[in-house]
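Novice: File follows, final_39.cif with mmCIF, C-alpha atoms:
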data_protein
#
loop_
_atom_site.label_atom_id
_atom_site.label_comp_id
_atom_site.auth_asym_id
_atom_site.auth_seq_id
_atom_site.Cartn_x
_atom_site.Cartn_y
_atom_site.Cartn_z
CA MET Z 1 -3.95 -23.34 -18.24
CA ALA Z 2 -1.34 -25.39 -16.42
CA ASP Z 3 0.38 -22.81 -14.24
CA GLY Z 4 -2.41 -20.33 -13.70
CA ASP Z 5 -5.72 -22.20 -13.25
CA HIS Z 6 -5.65 -21.51 -9.52
CA ARG Z 7 -5.55 -17.74 -9.98
CA SER Z 8 -8.86 -15.93 -9.76
CA THR Z 9 -9.64 -12.87 -11.85
CA SER Z 10 -11.86 -9.95 -10.88
CA ASP Z 11 -15.32 -9.30 -12.33
CA GLN Z 12 -14.51 -5.69 -13.21
CA PRO Z 13 -12.08 -5.43 -16.15
CA ILE Z 14 -8.97 -3.40 -15.45
CA LEU Z 15 -8.84 -2.65 -19.19
CA GLN Z 16 -11.67 -2.37 -21.69
CA LEU Z 17 -11.09 -1.77 -25.38
CA LYS Z 18 -14.18 -0.90 -27.41
CA GLY Z 19 -13.93 -0.78 -31.18
CA LEU Z 20 -10.30 0.34 -31.10
CA ARG Z 21 -8.99 1.51 -34.46
CA LYS Z 22 -5.59 2.66 -35.65
CA SER Z 23 -4.61 3.93 -39.07
CA PHE Z 24 -1.27 5.00 -40.47
CA GLY Z 25 -2.23 7.23 -43.36
CA ASP Z 26 -4.50 5.20 -45.61
CA LEU Z 27 -3.49 1.92 -43.98
CA GLU Z 28 -5.93 0.78 -41.29
CA VAL Z 29 -4.01 -1.63 -39.04
CA LEU Z 30 -6.62 -2.07 -36.29
CA LYS Z 31 -10.17 -2.22 -37.60
CA GLY Z 32 -12.28 -2.25 -34.44
CA VAL Z 33 -10.81 -4.38 -31.65
CA SER Z 34 -12.93 -4.95 -28.54
CA LEU Z 35 -11.39 -6.75 -25.59
CA ASP Z 36 -11.74 -6.92 -21.79
CA VAL Z 37 -8.75 -7.70 -19.57
CA HIS Z 38 -9.42 -8.65 -15.96
CA GLU Z 39 -7.10 -8.17 -13.02
CA GLY Z 40 -4.86 -11.19 -12.54
CA GLU Z 41 -5.49 -12.44 -16.08
CA VAL Z 42 -2.82 -13.37 -18.60
CA ILE Z 43 -3.86 -12.92 -22.22
CA ALA Z 44 -1.73 -14.29 -25.04
CA ILE Z 45 -2.07 -12.43 -28.34
CA VAL Z 46 -1.07 -14.38 -31.42
CA GLY Z 47 -1.25 -13.89 -35.17
CA VAL Z 48 0.80 -13.57 -38.31
CA SER Z 49 3.32 -10.76 -38.79
CA GLY Z 50 1.55 -7.53 -39.69
CA SER Z 51 -1.80 -8.53 -38.22
CA GLY Z 52 -1.83 -5.65 -35.72
CA LYS Z 53 -0.64 -7.38 -32.52
CA SER Z 54 2.17 -4.99 -31.64
CA THR Z 55 0.13 -1.97 -32.72
CA LEU Z 56 -2.58 -3.06 -30.29
CA LEU Z 57 -0.13 -3.08 -27.37
CA ARG Z 58 1.36 0.24 -28.42
CA CYS Z 59 -2.15 1.74 -28.47
CA VAL Z 60 -2.87 0.43 -24.97
CA ASN Z 61 0.30 2.15 -23.72
CA LEU Z 62 -0.44 5.17 -25.95
CA LEU Z 63 2.86 4.93 -27.74
CA GLU Z 64 0.47 5.09 -30.66
CA VAL Z 65 -2.71 7.12 -30.28
CA PRO Z 66 -5.76 5.20 -31.55
CA THR Z 67 -7.69 6.88 -34.34
CA GLY Z 68 -11.04 5.57 -33.12
CA GLY Z 69 -12.80 3.63 -30.42
CA GLU Z 70 -12.74 3.83 -26.64
CA MET Z 71 -10.34 2.72 -23.93
CA ILE Z 72 -11.23 2.40 -20.24
CA PHE Z 73 -8.40 1.72 -17.79
CA ASP Z 74 -8.93 1.00 -14.11
CA GLY Z 75 -12.54 2.15 -14.35
CA LYS Z 76 -11.79 5.51 -16.00
CA SER Z 77 -12.22 6.47 -19.63
CA VAL Z 78 -8.96 7.46 -21.31
CA PRO Z 79 -9.38 10.44 -23.66
CA LEU Z 80 -7.91 9.61 -27.06
CA ARG Z 81 -7.94 13.08 -28.56
CA GLN Z 82 -5.02 14.42 -30.54
CA ALA Z 83 -4.02 18.03 -30.35
CA SER Z 84 -3.24 19.92 -33.55
CA GLY Z 85 0.45 19.10 -33.11
CA GLY Z 86 -0.33 15.38 -32.86
CA LEU Z 87 0.33 15.14 -29.13
CA PHE Z 88 -1.86 13.14 -26.79
CA THR Z 89 -3.85 15.23 -24.32
CA SER Z 90 -5.57 13.77 -21.27
CA GLY Z 91 -6.83 14.81 -17.88
CA ARG Z 92 -5.21 11.74 -16.38
CA GLY Z 93 -1.88 12.63 -17.91
CA LEU Z 94 0.15 10.49 -20.24
CA SER Z 95 2.95 9.92 -17.72
CA ALA Z 96 0.50 8.86 -15.03
CA LEU Z 97 -1.10 6.31 -17.34
CA ARG Z 98 2.23 4.85 -18.47
CA ALA Z 99 3.34 4.62 -14.85
CA GLU Z 100 0.52 2.12 -14.34
CA ILE Z 101 1.07 0.19 -17.58
CA GLY Z 102 4.52 -1.36 -17.92
CA MET Z 103 5.83 -2.44 -21.30
CA VAL Z 104 8.65 -4.74 -22.37
CA PHE Z 105 9.75 -4.61 -26.00
CA GLN Z 106 11.50 -6.95 -28.43
CA GLN Z 107 14.67 -4.92 -27.96
CA PHE Z 108 15.79 -4.35 -24.40
CA ASN Z 109 15.91 -0.54 -24.61
CA LEU Z 110 18.15 -0.22 -21.57
CA TRP Z 111 20.15 2.99 -21.24
CA PRO Z 112 23.67 1.91 -22.25
CA HIS Z 113 25.41 4.66 -20.28
CA LYS Z 114 23.69 3.72 -17.01
CA THR Z 115 24.38 0.74 -14.76
CA VAL Z 116 21.79 -1.97 -14.22
CA LEU Z 117 20.81 -0.39 -10.91
CA GLU Z 118 20.57 3.08 -12.42
CA ASN Z 119 18.34 1.72 -15.20
CA VAL Z 120 15.93 0.24 -12.66
CA ILE Z 121 15.70 3.23 -10.28
CA GLU Z 122 15.48 6.00 -12.88
CA SER Z 123 11.71 5.96 -13.51
CA PRO Z 124 10.54 5.45 -9.89
CA ILE Z 125 12.65 8.45 -8.87
CA THR Z 126 11.87 10.80 -11.77
CA VAL Z 127 8.26 9.82 -12.53
CA LYS Z 128 6.89 8.77 -9.15
CA GLY Z 129 9.14 10.80 -6.89
CA VAL Z 130 10.30 7.78 -4.89
CA PRO Z 131 13.27 8.70 -2.65
CA ARG Z 132 16.55 7.35 -4.03
CA LYS Z 133 17.23 5.21 -0.95
CA GLU Z 134 13.81 3.57 -1.17
CA ALA Z 135 14.04 3.10 -4.94
CA THR Z 136 17.49 1.54 -4.58
CA ALA Z 137 16.34 -0.90 -1.90
CA GLN Z 138 13.36 -1.95 -4.02
CA ALA Z 139 15.53 -2.31 -7.13
CA GLU Z 140 18.04 -4.47 -5.28
CA ASP Z 141 15.22 -6.70 -3.99
CA LEU Z 142 13.90 -7.10 -7.54
CA LEU Z 143 17.35 -7.82 -8.97
CA ASP Z 144 17.99 -10.33 -6.19
CA SER Z 145 14.70 -12.08 -7.00
CA ILE Z 146 15.92 -12.77 -10.56
CA GLY Z 147 19.47 -13.67 -9.56
CA LEU Z 148 21.11 -10.53 -10.96
CA LEU Z 149 21.89 -8.54 -7.83
CA GLU Z 150 25.62 -9.05 -8.34
CA LYS Z 151 25.26 -7.35 -11.76
CA ARG Z 152 23.77 -4.13 -10.34
CA ASN Z 153 26.88 -2.05 -11.03
CA GLU Z 154 27.51 -3.46 -14.51
CA HIS Z 155 26.52 -1.69 -17.72
CA PRO Z 156 24.07 -3.46 -20.05
CA ALA Z 157 26.76 -4.24 -22.66
CA ARG Z 158 28.39 -6.62 -20.18
CA LEU Z 159 25.20 -8.69 -19.81
CA SER Z 160 23.85 -11.45 -22.02
CA GLY Z 161 20.70 -10.79 -24.03
CA GLY Z 162 18.64 -12.86 -21.62
CA GLN Z 163 20.02 -10.95 -18.65
CA GLN Z 164 19.32 -7.62 -20.35
CA GLN Z 165 15.72 -8.58 -21.05
CA ARG Z 166 15.21 -9.71 -17.46
CA VAL Z 167 16.56 -6.35 -16.29
CA ALA Z 168 14.15 -4.64 -18.69
CA ILE Z 169 11.27 -6.58 -17.11
CA VAL Z 170 12.45 -5.65 -13.62
CA ARG Z 171 12.75 -2.01 -14.69
CA ALA Z 172 9.07 -2.07 -15.67
CA LEU Z 173 8.12 -3.87 -12.45
CA ALA Z 174 9.89 -1.21 -10.38
CA MET Z 175 7.05 1.15 -11.28
CA ARG Z 176 4.60 -1.30 -9.67
CA PRO Z 177 2.29 -1.31 -12.70
CA LYS Z 178 -1.26 -2.60 -12.69
CA LEU Z 179 -0.83 -4.08 -16.17
CA MET Z 180 2.24 -5.45 -17.97
CA LEU Z 181 2.53 -5.56 -21.75
CA PHE Z 182 5.07 -7.87 -23.42
CA ASP Z 183 5.71 -7.37 -27.13
CA GLU Z 184 7.54 -10.47 -28.42
CA ALA Z 185 9.87 -10.23 -25.44
CA THR Z 186 11.94 -13.24 -26.54
CA SER Z 187 12.12 -12.72 -30.30
CA ALA Z 188 15.49 -10.91 -30.22
CA LEU Z 189 17.14 -13.55 -28.03
CA ASP Z 190 19.32 -16.47 -28.99
CA PRO Z 191 17.35 -19.71 -28.56
CA GLU Z 192 19.35 -20.83 -25.53
CA LEU Z 193 18.44 -17.61 -23.69
CA VAL Z 194 14.68 -17.69 -24.32
CA GLY Z 195 13.93 -20.02 -21.42
CA GLU Z 196 15.20 -17.73 -18.68
CA VAL Z 197 12.96 -14.88 -19.82
CA LEU Z 198 9.90 -17.12 -20.25
CA SER Z 199 10.51 -18.55 -16.77
CA LEU Z 200 10.43 -15.06 -15.27
CA MET Z 201 7.23 -14.23 -17.16
CA ALA Z 202 5.64 -17.49 -15.97
CA ARG Z 203 6.58 -16.64 -12.40
CA LEU Z 204 4.95 -13.22 -12.72
CA ALA Z 205 1.81 -14.93 -13.99
CA ARG Z 206 1.74 -17.30 -11.01
CA GLU Z 207 2.12 -14.32 -8.68
CA GLY Z 208 -0.99 -12.70 -10.17
CA MET Z 209 0.44 -10.03 -12.48
CA THR Z 210 -2.06 -8.88 -15.09
CA MET Z 211 -0.41 -9.37 -18.47
CA MET Z 212 -1.02 -8.98 -22.19
CA VAL Z 213 1.60 -10.98 -24.07
CA VAL Z 214 2.20 -10.82 -27.81
CA THR Z 215 4.11 -14.02 -28.46
CA HIS Z 216 4.96 -16.67 -31.01
CA GLU Z 217 5.80 -19.13 -28.21
CA ILE Z 218 2.67 -21.28 -28.49
CA GLN Z 219 3.65 -23.72 -25.74
CA PHE Z 220 4.23 -20.82 -23.37
CA ALA Z 221 0.83 -19.39 -24.26
CA ARG Z 222 -0.81 -22.78 -23.72
CA GLN Z 223 0.79 -23.31 -20.32
CA VAL Z 224 0.73 -19.81 -18.82
CA SER Z 225 -2.12 -17.73 -20.26
CA ASN Z 226 -5.78 -17.76 -19.27
CA ARG Z 227 -7.02 -16.67 -22.66
CA THR Z 228 -5.63 -16.55 -26.17
CA VAL Z 229 -6.64 -13.93 -28.72
CA PHE Z 230 -5.94 -14.61 -32.40
CA ILE Z 231 -5.73 -11.38 -34.40
CA ASP Z 232 -6.02 -11.51 -38.17
CA GLN Z 233 -5.96 -8.49 -40.50
CA GLY Z 234 -6.62 -6.03 -37.69
CA LEU Z 235 -9.56 -7.84 -36.14
CA ILE Z 236 -10.01 -10.48 -33.44
CA GLU Z 237 -10.72 -13.63 -35.42
CA GLU Z 238 -11.08 -15.90 -32.40
CA GLU Z 239 -10.61 -15.75 -28.62
CA GLY Z 240 -11.23 -18.05 -25.68
CA PRO Z 241 -9.55 -20.25 -23.05
CA SER Z 242 -5.99 -20.93 -24.15
CA GLN Z 243 -6.19 -24.70 -23.88
CA GLU Z 244 -9.30 -24.67 -26.06
CA ILE Z 245 -8.14 -22.17 -28.69
CA LEU Z 246 -4.65 -23.60 -29.05
CA SER Z 247 -5.74 -27.24 -29.08
CA ASN Z 248 -9.03 -27.11 -30.94
CA PRO Z 249 -9.62 -23.76 -32.68
CA LYS Z 250 -12.98 -23.21 -34.34
CA SER Z 251 -11.77 -20.74 -36.96
CA GLU Z 252 -10.12 -22.13 -40.08
CA ARG Z 253 -7.76 -19.13 -40.14
CA THR Z 254 -6.67 -19.83 -36.56
CA ARG Z 255 -6.15 -23.49 -37.40
CA ARG Z 256 -4.00 -22.69 -40.42
CA PHE Z 257 -1.89 -20.25 -38.39
CA LEU Z 258 -1.30 -22.75 -35.58
CA ASP Z 259 -0.46 -25.50 -38.04
CA ARG Z 260 2.23 -23.31 -39.60
CA VAL Z 261 3.67 -22.19 -36.26
CA LEU Z 262 3.73 -25.66 -34.73
CA HIS Z 263 5.22 -27.13 -37.91
CA THR Z 264 7.99 -24.54 -37.77
CA GLU Z 265 8.67 -25.36 -34.08
CA ILE Z 266 8.99 -29.06 -34.94
CA ILE Z 267 11.47 -28.33 -37.73
CA GLU Z 268 13.55 -26.08 -35.45
#
Please render this file's structure as structure tokens.
Specialist:
Amino acid sequence: MADGDHRSTSDQPILQLKGLRKSFGDLEVLKGVSLDVHEGEVIAIVGVSGSGKSTLLRCVNLLEVPTGGEMIFDGKSVPLRQASGGLFTSGRGLSALRAEIGMVFQQFNLWPHKTVLENVIESPITVKGVPRKEATAQAEDLLDSIGLLEKRNEHPARLSGGQQQRVAIVRALAMRPKLMLFDEATSALDPELVGEVLSLMARLAREGMTMMVVTHEIQFARQVSNRTVFIDQGLIEEEGPSQEILSNPKSERTRRFLDRVLHTEIIE
């Protein structure tokens, strides 16, 4: 990894997935995924559309409740039971878990009726009980760090797509999460705006943020991530150091996927 080789990771995984499964009716999307994520590590998750990449992230954040397997976060087992009404129940509490696992989606999901500043301070105040003055000061520091402090009183509609996605990232960071999940964070952006979001993500990686990144940006994965995981048909087909996997994959399925993606990038 070019940008992140100097960063050390801890021996104890901050996240452990053991045989994670997820079905939607008769369709089994995840068929037993086991993966350890260490503190300070950046993991790129790649694969064809429909392979289960986004479902995996949504299960980690419990936007989707796994139908089987085990998840251990920060040393504690996360109950994956479903009540009769289909709601997640846990001693840790769903809100408490999500407060520690930030997520950035393909779409920006900013509240259109709130200003940039209001978007960033809402969760720290309502979920963590941070005083408004403290939350505002932290939000302004974060916005200043990405060059958007002067936009704090604007509404999202007045920002470019790249600016909106950077605000969405900052909104997640305002909760001071232990793990950040990125689900194709640049796929909804115009090509000329992709770079500013990838630059912010690369900076977070250099600063030691633990990240799981579903991405089709192979060069970004090669340069920024410690490990790459290739998911195929709901299973991990191959995983290992990013430079190794993305330059010389052992699996024929991984090789075919990378050939298609890289060929498409060349054409574009």
Novice: Contacts of Leu198 of chain Z at 10 Å or less, counting all atoms listed in the file, minus same-chain residues fewer than 4 places along, as a ChimeraX atom specification?
Specialist: /Z:162,166,185-186,193-194,202-204,217,220,224
Novice: Tell me, counting all atoms listed in the file, for each residue of segment 145-246 of chain Z within 12 Å of segment 34-50 of chain Z, which pair of atoms is nearest and how far apart they are in Å to one decimal, in rows ordered by chain and increasing number, as a tab-separated table.
Specialist:
residue	atom	partner	partner_atom	distance
Z:Pro177	CA	Z:Glu39	CA	11.6
Z:Lys178	CA	Z:Glu39	CA	8.1
Z:Leu179	CA	Z:Glu39	CA	8.1
Z:Met180	CA	Z:Val42	CA	9.4
Z:Leu181	CA	Z:Ile43	CA	9.8
Z:Phe182	CA	Z:Ala44	CA	9.5
Z:Asp183	CA	Z:Ile45	CA	9.4
Z:Glu184	CA	Z:Ile45	CA	9.8
Z:Met201	CA	Z:Val42	CA	10.2
Z:Ala202	CA	Z:Val42	CA	9.8
Z:Arg203	CA	Z:Val42	CA	11.7
Z:Leu204	CA	Z:Val42	CA	9.7
Z:Ala205	CA	Z:Val42	CA	6.7
Z:Arg206	CA	Z:Gly40	CA	9.1
Z:Glu207	CA	Z:Gly40	CA	8.6
Z:Gly208	CA	Z:Gly40	CA	4.8
Z:Met209	CA	Z:Gly40	CA	5.4
Z:Thr210	CA	Z:Gly40	CA	4.4
Z:Met211	CA	Z:Val42	CA	4.7
Z:Met212	CA	Z:Ile43	CA	4.9
Z:Val213	CA	Z:Ala44	CA	4.8
Z:Val214	CA	Z:Ile45	CA	4.6
Z:Thr215	CA	Z:Val46	CA	6.0
Z:His216	CA	Z:Val46	CA	6.5
Z:Glu217	CA	Z:Val46	CA	8.9
Z:Ile218	CA	Z:Val46	CA	8.4
Z:Gln219	CA	Z:Ala44	CA	10.9
Z:Phe220	CA	Z:Ala44	CA	9.0
Z:Ala221	CA	Z:Ala44	CA	5.8
Z:Arg222	CA	Z:Ala44	CA	8.6
Z:Gln223	CA	Z:Ala44	CA	10.5
Z:Val224	CA	Z:Val42	CA	7.4
Z:Ser225	CA	Z:Val42	CA	4.7
Z:Asn226	CA	Z:Val42	CA	5.3
Z:Arg227	CA	Z:Ile43	CA	4.9
Z:Thr228	CA	Z:Ala44	CA	4.6
Z:Val229	CA	Z:Ile45	CA	4.8
Z:Phe230	CA	Z:Val46	CA	5.0
Z:Ile231	CA	Z:Gly47	CA	5.2
Z:Asp232	CA	Z:Gly47	CA	6.1
Z:Gln233	CA	Z:Gly50	CA	7.6
Z:Gly234	CA	Z:Gly50	CA	8.5
Z:Leu235	CA	Z:Ser34	CA	8.8
Z:Ile236	CA	Z:Ser34	CA	7.9
Z:Glu237	CA	Z:Gly47	CA	9.5
Z:Glu238	CA	Z:Val46	CA	10.2
Z:Glu239	CA	Z:Ile45	CA	9.2
Z:Gly240	CA	Z:Ile43	CA	9.6
Z:Pro241	CA	Z:Ile43	CA	9.3
Z:Ser242	CA	Z:Ala44	CA	7.9
Z:Gln243	CA	Z:Ala44	CA	11.4
Z:Ile245	CA	Z:Ala44	CA	10.8
Z:Leu246	CA	Z:Val46	CA	10.2
Novice: Given the PyMOL selection byres ((chain Z and resi 18-20) around 8) and the file above, list the residues it selects as a tab-separated table (two decimals) with C-alpha atoms, keeping the file's coordinate frame.
Specialist:
chain	number	residue	atom	x	y	z
Z	16	GLN	CA	-11.67	-2.37	-21.69
Z	17	LEU	CA	-11.09	-1.77	-25.38
Z	21	ARG	CA	-8.99	1.51	-34.46
Z	22	LYS	CA	-5.59	2.66	-35.65
Z	30	LEU	CA	-6.62	-2.07	-36.29
Z	31	LYS	CA	-10.17	-2.22	-37.60
Z	32	GLY	CA	-12.28	-2.25	-34.44
Z	33	VAL	CA	-10.81	-4.38	-31.65
Z	34	SER	CA	-12.93	-4.95	-28.54
Z	35	LEU	CA	-11.39	-6.75	-25.59
Z	66	PRO	CA	-5.76	5.20	-31.55
Z	67	THR	CA	-7.69	6.88	-34.34
Z	68	GLY	CA	-11.04	5.57	-33.12
Z	69	GLY	CA	-12.80	3.63	-30.42
Z	70	GLU	CA	-12.74	3.83	-26.64
Z	71	MET	CA	-10.34	2.72	-23.93
Novice: Restricting the calculation to all atoms listed in the file: of Z:Val60, Z:Met103, Z:Met175, Z:Leu94, which residue gets closest to Ile14 of chain Z?
Specialist: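 Going through Z:Val60, Z:Met103, Z:Met175, Z:Leu94 one by one, the smallest distance to Ile14 of chain Z is for Z:Val60.
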Novice: Output as a tab-separated table one row per residue of segment 165-226 of chain Z within 12 Å of segment 116-132 of chain Z: the closest atom pair and its distance in Å to one decimal place, counting all atoms listed in the file, sorted by chain and residue number ascending.
Specialist:
residue	atom	partner	partner_atom	distance
Z:Gln165	CA	Z:Val116	CA	11.3
Z:Arg166	CA	Z:Val116	CA	10.7
Z:Val167	CA	Z:Val116	CA	7.1
Z:Ala168	CA	Z:Val120	CA	8.0
Z:Ile169	CA	Z:Val120	CA	9.4
Z:Val170	CA	Z:Val120	CA	6.9
Z:Arg171	CA	Z:Val120	CA	4.4
Z:Ala172	CA	Z:Val120	CA	7.8
Z:Leu173	CA	Z:Val120	CA	8.8
Z:Ala174	CA	Z:Val120	CA	6.6
Z:Met175	CA	Z:Pro124	CA	5.7
Z:Arg176	CA	Z:Pro124	CA	9.0
Z:Pro177	CA	Z:Pro124	CA	11.0
Novice: Measure the distance from atom CA of Thr115 of chain Z to atom CA of Lys151 of chain Z in Å and round it to one decimal.
Specialist: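 Answer for the atom CA of Thr115 of chain Z to atom CA of Lys151 of chain Z separation: 8.7 Å.
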Novice: Counting all atoms listed in the file, which residue out of Z:Thr136, Z:Ser51, Z:Ser247, Z:Pro79 sits closest to Asp259 of chain Z?
Specialist: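 Ranking Z:Thr136, Z:Ser51, Z:Ser247, Z:Pro79 by distance to Asp259 of chain Z, first place goes to Z:Ser247.
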